[in-house]
Amino acid sequence: MEIEEAYSLLVKEISPAGRPETVGLTGSFKRVAAEDITAPFCVPSFPKSAMDGFAVKASGIRGASADEPVSLRVTGEILAGDDKNFEYEPGTAVRIMTGARVPEGYDAVVRQEDTDLFSGSCGDADLSSGSCADTDRRAENKPGGPDERADADLRMVRIFRPVSEYTNYCKVGEDIKKGDIVIKKGTLIGRTQAGILASLGITDISVVRKIRVKIISTGSELKKPGEELLPGQIYNSISYVLTAALDHPCFEVASEICPDDEEYLEKSLAKALETADVIITTGGVSVGKKDLMPKVLRHIGARTVFSGVNIQPGTPTMGCIKDGKAILALSGNPYAAIVNFDIYFYGVASAFTGCDAFLPKTAEAVLKSPYRKINKMRRFIRAYTEGGSVFLPAGSHASSVFANLSDCNCYIDLKENTEVNVGDRVRVMLNPMF
């Protein structure tokens with residue numbers, strides 16, 4: 001069976017998560033939206049200024065230039081957050097700050113830099129007459145900052161440049177319109193989505209409940225890190241690899257070690273099926289004397305969806321279903337286990353949550369390192385890709401070797417009986433990352 005067929009058969013058995021849960025805004029980060037979220041109001045909900053400057057009527061300053069500025073009477077000032085309103089009158093302007101509400105009747109904002117307030121020419125102005133007397137003061141003012149006296153007591157402003165309607169003017173609903181679907185069902189809530197929710201004041205979000213995952217590492221030789229090793233024993237590493245891979249707000253993970261004992265393993269699986277949505281086992285799937293997993297899975301009534309897929313490493317990997325729960329029985333070899341975990345688990349997660357963000361990404365890249373072996377089966381080769389190229393930093397590609405994965409970020413998906421040379425384009429699967 002090909003990987004794609006095995007994947008498809010398993011995923012179609014997965015039912016979407018049931019009843020969602022409601023969480024607060026910060027609790028929704030990196031969770032999956034369980035329903036469409038619509039905007040309760042427009043953003044912005046009022047016309048606001050995009051600049052520090054002066055709210056004007058664009059038609060009233062069309063002829064403005066540095067040589068022939070247009071003088072306007074300043075009727076007041078609005079800061080961001082102010083609840084003020086100034087009735088429009090021809091020949092007037094309102095000083096306004098970024099984010100402040102533009103008064104009705106004014107349809108544009110002139111940048112402060114395009115007025116004599118910025119240059120400081122009104123520093124010694126005769127404010128009663130509205131004239132600016134000492135234009136030589138401009139040279140004494142630092143660029144970028146208004147003259148403090150003009151800032152404090154401005155009555156007139158001269159405009160040196162025209163603007164069109166709605167220049168530096170954010171219209172109501174420019175960002176979001178009331179009733180818009182701002183987050184679709186099945187969306188993974190990231191930083192952008194969090195900002196959208198916050199801008200709408202939404203604090204209660206319906207999200208898909210967490211996927212409960214149980215990892216069962218089989219093998220009488222396995223010990224927990226920190227325990228004393230006896231001759232012939234090893235530390236269990238693969239459950240930590242998988243737990244780290246599942247360190248994500250959408251997953252809830254528990255793990256245990258089971259000895260090579262049929263009765264013990266059967267009880268562990270039965271107990272895991274009571275609470276877990278997905279069970280991942282490692283080890284015991286091949287044909288050795290203590291490879292008990294196929295037999296135990298039959299005993300508990302699990303239905304095998306696939307086994308013996310065309311892939312190296314991890315050919316014996318099994319995908320099973322029991323009571324609507326997915327069981328992935330992986331190899332005990334660390335590299336074989338993680339490759340097949342990446343191939344199948346995230347598809348299960350996507351089907352469960354309705355979120356495509358979990359699916360591994362594939363791409364093409366140019367092979368930059370020699371790979372001389374021609375494999376009899378489809379092979380997933382650890383590699384590193386960057387800038388459209390792919391390299392083979394790992395010296396060994398054995399399924400039992402794992403440490404050299406730290407130099408890799410993808411797999412080359414190489415079909416069986418295929419020869420590749422430096423410069424060939426190959427298919428790569430990127431390691432799932434969140």
# chains A, B, ... in the order shown; residues from 1 in each chain; ligands from 1
$ residues_around --residues "Ile211 (chain A)" --least-positions-apart "5" --cutoff "8 Å" --atoms "only C-alpha atoms" --output "PyMOL selection string"
chain A and resi 250-252+276-278+349+352
$ write_last_selection --atoms "N, CA and C atoms" --output "tab-separated table (two decimals), in the first residue's frame"
chain	number	residue	atom	x	y	z
A	250	CYS	N	-3.20	22.76	21.42
A	250	CYS	CA	-4.29	21.93	20.90
A	250	CYS	C	-4.21	20.47	21.36
A	251	PHE	N	-3.12	20.10	22.01
A	251	PHE	CA	-2.93	18.70	22.40
A	251	PHE	C	-2.77	18.57	23.91
A	252	GLU	N	-3.26	17.45	24.41
A	252	GLU	CA	-3.10	17.10	25.82
A	252	GLU	C	-2.47	15.71	25.85
A	276	ALA	N	-8.44	8.67	25.77
A	276	ALA	CA	-7.65	9.27	24.69
A	276	ALA	C	-8.43	9.29	23.38
A	277	ASP	N	-8.13	10.29	22.56
A	277	ASP	CA	-8.66	10.35	21.19
A	277	ASP	C	-7.71	9.65	20.22
A	278	VAL	N	-6.42	9.75	20.51
A	278	VAL	CA	-5.38	9.14	19.68
A	278	VAL	C	-4.40	8.41	20.61
A	349	ALA	N	-4.88	14.91	13.27
A	349	ALA	CA	-5.17	16.15	14.00
A	349	ALA	C	-5.98	17.11	13.14
A	352	PHE	N	-9.57	15.84	12.93
A	352	PHE	CA	-10.25	15.99	14.22
A	352	PHE	C	-10.66	17.43	14.47
$ closest_atom_pairs --of "region 242-302 of chain A" --to "region 333-341 of chain A" --cutoff "12 Å" --atoms "only C-alpha atoms" --output "tab-separated table"
residue	atom	partner	partner_atom	distance
A:Leu242	CA	A:Ile338	CA	7.3
A:Thr243	CA	A:Ile338	CA	11.1
A:Ala244	CA	A:Ile338	CA	11.3
A:Ala245	CA	A:Ile338	CA	9.2
A:Leu246	CA	A:Phe341	CA	10.7
A:Val278	CA	A:Phe341	CA	11.8
A:Ile279	CA	A:Phe341	CA	11.4
A:Ile280	CA	A:Phe341	CA	8.6
A:Thr281	CA	A:Ala337	CA	9.3
A:Thr282	CA	A:Ala337	CA	7.0
A:Gly283	CA	A:Asn333	CA	7.4
A:Gly284	CA	A:Asn333	CA	10.3
A:Val285	CA	A:Asn333	CA	10.8
A:Ser286	CA	A:Asn333	CA	11.0
$ write_last_selection --atoms "C-alpha atoms" --output "JSON list (two decimals), in the first residue's frame"
[["chain", "number", "residue", "atom", "x", "y", "z"],
["A", 242, "LEU", "CA", 6.78, 12.75, 20.61],
["A", 243, "THR", "CA", 5.74, 14.66, 23.74],
["A", 244, "ALA", "CA", 7.90, 17.58, 22.64],
["A", 245, "ALA", "CA", 6.39, 17.41, 19.14],
["A", 246, "LEU", "CA", 2.95, 17.59, 20.76],
["A", 278, "VAL", "CA", -5.38, 9.14, 19.68],
["A", 279, "ILE", "CA", -3.10, 6.40, 21.01],
["A", 280, "ILE", "CA", 0.50, 6.25, 19.80],
["A", 281, "THR", "CA", 2.50, 3.13, 20.57],
["A", 282, "THR", "CA", 6.18, 2.62, 19.87],
["A", 283, "GLY", "CA", 7.87, -0.74, 19.46],
["A", 284, "GLY", "CA", 6.58, -4.28, 19.13],
["A", 285, "VAL", "CA", 5.20, -4.03, 15.58],
["A", 286, "SER", "CA", 7.66, -6.18, 13.66]]
$ residues_around --residues "Ala58 (chain A)" --least-positions-apart "3" --cutoff "6 Å" --atoms "only C-alpha atoms" --output "compact mmCIF listing (two decimals) with N, CA, C and O atoms, in the first residue's frame"
# COMPACT_ATOMS: atom_id res chain seq x y z
N ILE A 61 -8.42 73.82 0.39
CA ILE A 61 -6.97 74.09 0.36
C ILE A 61 -6.34 73.61 -0.95
O ILE A 61 -5.14 73.34 -1.01
N ALA A 108 -10.35 65.31 5.36
CA ALA A 108 -8.94 64.97 5.14
C ALA A 108 -8.12 65.51 6.30
O ALA A 108 -8.60 66.33 7.10
N VAL A 163 -4.29 68.52 -0.28
CA VAL A 163 -4.54 67.07 -0.13
C VAL A 163 -5.86 66.73 -0.80
O VAL A 163 -6.72 67.61 -0.98
N SER A 164 -6.00 65.50 -1.18
CA SER A 164 -7.26 65.02 -1.74
C SER A 164 -8.18 64.58 -0.61
O SER A 164 -7.76 64.40 0.54
N GLU A 165 -9.46 64.40 -0.94
CA GLU A 165 -10.41 63.91 0.05
C GLU A 165 -9.94 62.57 0.62
O GLU A 165 -9.42 61.73 -0.10
$ closest_residue --among "A:Ser389, A:Thr203, A:Ser396, A:Ser350" --to "Leu188 (chain A)" --atoms "only C-alpha atoms"
A:Ser350
$ residues_around --residues "Leu392 (chain A)" --least-positions-apart "6" --cutoff "10 Å" --atoms "only C-alpha atoms" --output "list in words"
Leu367, Lys368, Ser369, Pro370, Tyr371, Ile381, Arg382, Ala383, Tyr384, Thr385, Asp407, Cys408, Tyr411 and Ile412 of chain A
$ closest_residue --among "A:Gln112, A:Thr218, A:Asn421, A:Asn375" --to "Arg161 (chain A)" --atoms "only C-alpha atoms"
A:Gln112
